[in-house]
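As C-alpha cells, the structure follows; a few thoughts come after it.
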Amino acid sequence: MDSDKTTGQTVKLNLAGIVNDSIVDGPGIRVCIFAQGCSHNCAGCHNPETHSFGTGKDYRVAELVSLIKQNPLVKGVTFSGGDPFFQSRGFYILGKELRAMGYEVAAYTGFLWKELIEGTQDQQRLLSVLNVLVDGPFIQELRNLDLPFKGSINQNFIDVQKSLTRQEEGKTLFHRQPKVFERWERTFLYT
C-alpha cells in the first residue's frame, strides 16, 4: 500500500550518511543518500564502511523528504551506498515522493540492469521511479579518474524511463555514449 500518505511516516531506511550539497554524485547540486549495506564487496570500493548491513542510522522517508526540501538549490537526489537496491522498498517510496515533487532521481548500484529488471518486485518498483541508473560493480582494474560520475569504464549510465519504455516495446539494447559528458542526458546507455 505504497500510495498511503502515512507510508513515508513509517517506512525507514538504514543509512550510512547524507550529503546535502554534493557536486560529485551527478550534475548540479544534489542531495546524496548513502544506503547502509552491500554484499557486492567490490575491491577498491570508495565506501567500504557502507558494506555491513543494519549498522547505519535509521531515517523515516518523511524525515528525508523534509531534509531534501530545505535546500532550494537542490534539483536532484542520488541514491548511493552501500547499494540502495538492498533496501528497494524504502528507496522506492522515497523516490516516488521525490519524483512527484519534481526532483531528478538517480541511483548507483553494483547490480546490472538485466539483473534488476528480472529482480524482485521491489527492485523493479525502485527502477520505475528513477531517472538515471549507474549500473555495474566497480572494477579496480577498469578504474578511470577521467570518467564523470562513475568509477570504472564497465559502469553504464542508463536513462531508466526510456529504457523501461523500450523494454516494454521489446526493443534491443543500444548504446549512445557521446564524447562530451556535461550532463546525465549526454552520457546515457539506452536499453
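Chain labels run A, B, ... following the order of the C-alpha cells; each chain numbers its residues from 1, and ligands are numbered from 1 in the order shown.
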
Near segment 128-130 of chain A, counting only C-alpha atoms, which residues have an atom at most 9 Å away, once you skip same-chain residues fewer than 5 positions from it, shown as a ChimeraX atom specification? /A:92-93,95-96,98-99,104-107,123,159-161,164

Selection near segment 134-147 of chain A, 7 Å with only C-alpha atoms, sequence-local residues under 4 positions removed, as a list in words: Cys42, Ala43, Gly44, Cys45, Ala107, Tyr108, Thr109, Gly110, Phe111, Leu112, Trp113, Gly151, Ser152, Ile153, Asn154, Gln155, Asn156, Phe157 and Ile158 of chain A

In Å, how far is it from atom CA of Val132 of chain A to atom CA of Asn20 of chain A?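 Separating atom CA of Val132 of chain A from atom CA of Asn20 of chain A is a distance of 19.1 Å.
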
List the spatial neighbours of Ser66 of chain A as a list in words - criterion: any atom at most 12 Å away, only C-alpha atoms, same-chain residues fewer than 6 positions off excluded.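 Answer for this query is Gly8, Gln9, Asn20, Val31, Tyr59, Arg60, Pro72, Leu94, Glu97, Leu98 and Met101 of chain A.
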
Output C-alpha atoms of each residue in that selection to a file, as a tab-separated table (two decimals), in the first residue's frame.
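Once everything was written out, this is out_21.tsv:
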chain	number	residue	atom	x	y	z
A	8	GLY	CA	6.59	7.89	4.37
A	9	GLN	CA	5.96	8.35	8.07
A	20	ASN	CA	23.24	17.79	1.50
A	31	VAL	CA	21.49	15.51	-2.09
A	59	TYR	CA	15.65	7.57	8.95
A	60	ARG	CA	11.97	7.72	8.13
A	72	PRO	CA	16.17	25.35	-2.58
A	94	LEU	CA	11.35	7.90	-1.21
A	97	GLU	CA	7.72	11.07	-3.39
A	98	LEU	CA	10.74	12.94	-4.77
A	101	MET	CA	7.83	16.90	-6.25

The residue from A:Ala100, A:Leu126, A:Leu13, A:Ile18 with the smallest atom-to-atom distance to Arg30 of chain A, counting only C-alpha atoms, is A:Ile18

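Using only C-alpha atoms, the smallest distance between any of A:Lys150, A:Arg89, A:His51, A:Lys162 and Ala35 of chain A comes from A:His51.
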
Give the answer as one residue: which of A:Gln87, A:Ser80, A:Gln124, A:Gln36 has the shortest atom-to-atom distance to Gly56 of chain A, using only C-alpha atoms? A:Gln36

Between A:His40, A:Arg166, A:Lys75, A:Lys12, which residue has the minimum interatomic distance to Glu63 of chain A, considering only C-alpha atoms?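 Checking each of A:His40, A:Arg166, A:Lys75, A:Lys12 against Glu63 of chain A, counting only C-alpha atoms, the winner is A:Lys12.
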
Point-to-point distance from atom CA of Pro48 of chain A to atom CA of Ala16 of chain A, Å rounded to tenths: 10.6 Å

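Residues of segment 1-102 of chain A carrying a DSSP assignment of strand (DSSP E), computed from the backbone, are Lys12, Leu13, Asn14, Leu15, Ala16, Gly17, Ile18, Val19, Asn20, Asp21, Ser22, Arg30, Val31, Cys32, Ile33, Phe34, Ala35, Lys57, Asp58, Tyr59, Arg60, Gly76, Val77, Thr78, Phe79 and Ser80 of chain A.
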
Go ahead and save the residues from that selection, with C-alpha atoms, as a compact mmCIF listing (two decimals), in the first residue's frame.
# COMPACT_ATOMS: atom_id res chain seq x y z
CA LYS A 12 12.61 3.58 7.42
CA LEU A 13 15.89 3.40 5.57
CA ASN A 14 19.17 2.39 7.24
CA LEU A 15 21.72 4.91 6.02
CA ALA A 16 25.47 5.33 6.21
CA GLY A 17 25.14 9.07 5.66
CA ILE A 18 23.67 12.01 3.80
CA VAL A 19 25.48 14.75 1.85
CA ASN A 20 23.24 17.79 1.50
CA ASP A 21 25.14 19.57 -1.27
CA SER A 22 27.05 17.11 -3.42
CA ARG A 30 22.31 17.29 -5.29
CA VAL A 31 21.49 15.51 -2.09
CA CYS A 32 23.26 12.16 -1.95
CA ILE A 33 21.82 9.47 0.31
CA PHE A 34 24.18 6.60 1.16
CA ALA A 35 22.46 3.29 1.90
CA LYS A 57 21.30 5.25 11.26
CA ASP A 58 17.58 4.76 10.63
CA TYR A 59 15.65 7.57 8.95
CA ARG A 60 11.97 7.72 8.13
CA GLY A 76 18.40 16.16 -7.96
CA VAL A 77 18.84 13.36 -5.45
CA THR A 78 21.26 10.46 -5.79
CA PHE A 79 20.89 7.12 -4.01
CA SER A 80 24.29 5.55 -3.44

Could you find all residues in chain A that DSSP calls helix (DSSP H, G or I) from the backbone, and write them as number ranges by chain? A: 7-10, 48-50, 61-69, 84-100, 113-117, 121-128, 140-142, 160-168, 184-186
